[in-house]
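A.B. asks: One structure, as structure tokens, below. Some questions next.
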Amino acid sequence: MSQRSITILAVGAAFAALAPASVALARSASAAASSSGVPADRIELTIRSVHVTGSHAVPRYERTRQFLTADESHTITTTVPQHRLRFEGFTSPRRDLRYDAATKRVTSLKGSATPPYQTVAQEAAVVARQVAQGCWTPAGNLVFEGQGSIRYNLVPATSGPCRGDAQVGQAIVDRKTGAVLRREVGLADGSFKEVDVLSQFQTLALTPRTRELLKFGSHDGGALAGKIGRSF
């Protein structure tokens with residue numbers, strides 16, 4: 001079983017359905033003019049960690065800070081526990097930038113009309129649909145990181161809408177916001193396991209001060225400064 005196929009399930013199945021419909025509808029209504037899911041006057045901050053282990057996996061443990069607006073994104077990924085920068089990315093309608101710490105190179109690409117990421121509410125809405133389809137079943141209430149939550153168990157399937165490679169899995173969802181706080185998927189023998197934890201989530205007003213959060217690092221010595229538009 002390939003790591004790629006497992007990862008596809010982790011993203012497509014676990015981030016696919018766990019928010020109350022009212023939460024998802026409320027967010028989509030307020031962001032109707034923004035195809036990214038973020039209102040034009042807001043910036044969404046998320047901090048999440050991903051830990052992959054097992055003999056059938058490429059082990060990694062990293063933390064990602066992401067800042068998302070209606071049309072731009074800034075992503076910074078560092079290793080855990082070393083706190084070493086592994087990747088930094090920036091997307092906008094004008095230009096996309098990527099920095100790979102392994103090669104120490106900045107790649108400049110054609111811009112994206114909208115960021116290639118989902119908001120927390122969009123991810124939750126997908127998981128909510130999968131809960132409705134029976135891909136996840138409720139397993140009780142709990143308090144997770146101080147928040148009232150619901151635990152769901154993965155229902156493995158090799159066909160139908162729940163089809164995927166993972167054999168075991170759990171997800172913990174905030175009852176108030178519908179956010180997926182923690183998910184774990186993998187193989188029953190432990191040869192692959194991925195744990196994804198959302199440790200922080202908030203939306204802020206988009207102001208000149210918070211817009212600074214979108215700035216891409218000067219990995220190229222600053223040669224790109226001033227060429228990206230308002231995000232520099």
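Ordering of the structure tokens sets the chain letters (A, B, ...); residue numbers start at 1 within each chain; ligands are numbered from 1 in the order shown.
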So which residues of segment 79-224 of chain A fall under strand (DSSP E) by DSSP, listed as number ranges by chain?
C.D. replies: A: 79, 85-91, 95-100, 105-110, 136-144, 147-154, 168-174, 180-186, 193-205
A.B. asks: Next, dump the selected residues to file, keeping only C-alpha atoms, as a short mmCIF file (atom, residue, chain, number, x, y, z; two decimals), in the first residue's frame.
C.D. replies:
```cif
data_model
loop_
_atom_site.label_atom_id
_atom_site.label_comp_id
_atom_site.auth_asym_id
_atom_site.auth_seq_id
_atom_site.Cartn_x
_atom_site.Cartn_y
_atom_site.Cartn_z
CA THR A 79 10.23 20.58 11.72
CA LEU A 85 12.27 25.86 8.45
CA ARG A 86 11.39 23.23 5.85
CA PHE A 87 9.09 25.12 3.51
CA GLU A 88 7.62 28.56 2.96
CA GLY A 89 4.98 29.39 0.38
CA PHE A 90 3.03 32.41 -0.80
CA THR A 91 0.17 32.52 -3.28
CA ARG A 95 2.59 35.36 -8.37
CA ASP A 96 3.18 32.23 -6.32
CA LEU A 97 6.45 31.70 -4.45
CA ARG A 98 7.90 28.58 -2.88
CA TYR A 99 11.02 28.14 -0.77
CA ASP A 100 12.47 24.67 -0.20
CA ARG A 105 15.95 27.76 -3.66
CA VAL A 106 13.02 30.09 -4.27
CA THR A 107 10.69 29.09 -7.11
CA SER A 108 8.46 31.73 -8.69
CA LEU A 109 5.33 30.54 -10.49
CA LYS A 110 2.31 32.04 -12.20
CA TRP A 136 -17.55 8.31 10.38
CA THR A 137 -19.66 7.25 13.36
CA PRO A 138 -19.99 9.14 16.67
CA ALA A 139 -18.22 7.50 19.60
CA GLY A 140 -19.10 9.87 22.45
CA ASN A 141 -18.48 13.33 23.84
CA LEU A 142 -15.27 14.51 25.46
CA VAL A 143 -13.30 17.61 26.41
CA PHE A 144 -10.29 18.05 24.12
CA GLN A 147 -13.10 22.39 24.32
CA GLY A 148 -16.34 20.40 24.30
CA SER A 149 -15.95 17.92 21.45
CA ILE A 150 -17.31 14.83 19.75
CA ARG A 151 -15.19 11.79 18.93
CA TYR A 152 -15.83 9.95 15.65
CA ASN A 153 -14.50 6.58 14.50
CA LEU A 154 -13.60 5.89 10.88
CA VAL A 168 -8.43 2.57 11.42
CA GLY A 169 -9.03 6.19 12.30
CA GLN A 170 -10.50 8.68 14.73
CA ALA A 171 -11.48 12.35 14.54
CA ILE A 172 -12.24 14.84 17.29
CA VAL A 173 -14.52 17.75 16.41
CA ASP A 174 -15.28 20.92 18.34
CA VAL A 180 -11.69 19.21 13.15
CA LEU A 181 -9.33 19.46 16.13
CA ARG A 182 -7.53 16.14 15.73
CA ARG A 183 -7.65 13.24 13.31
CA GLU A 184 -5.72 10.01 13.11
CA VAL A 185 -5.80 7.53 10.22
CA GLY A 186 -3.66 4.54 9.38
CA LYS A 193 -0.17 6.32 10.92
CA GLU A 194 -0.85 10.00 10.35
CA VAL A 195 -1.93 12.30 13.17
CA ASP A 196 -3.09 15.81 12.28
CA VAL A 197 -3.78 18.30 15.10
CA LEU A 198 -5.31 21.76 14.71
CA SER A 199 -3.80 23.59 17.69
CA GLN A 200 -4.91 27.13 16.86
CA PHE A 201 -7.60 28.72 14.72
CA GLN A 202 -8.85 32.29 14.59
CA THR A 203 -9.95 34.96 12.15
CA LEU A 204 -8.67 38.53 12.40
CA ALA A 205 -9.55 41.79 10.75
#
```
A.B. asks: Would you compute the distance between atom CA of Ser55 of chain A and atom CA of Arg163 of chain A? Give it in Å to one decimal.
C.D. replies: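 Computing it gives 23.0 Å between the two atoms.
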A.B. asks: Could you jot down the atom CA of Ala128 of chain A to atom CA of Val38 of chain A separation for me, Å, one decimal place?
C.D. replies: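 Distance reported for this atom pair: 19.3 Å.
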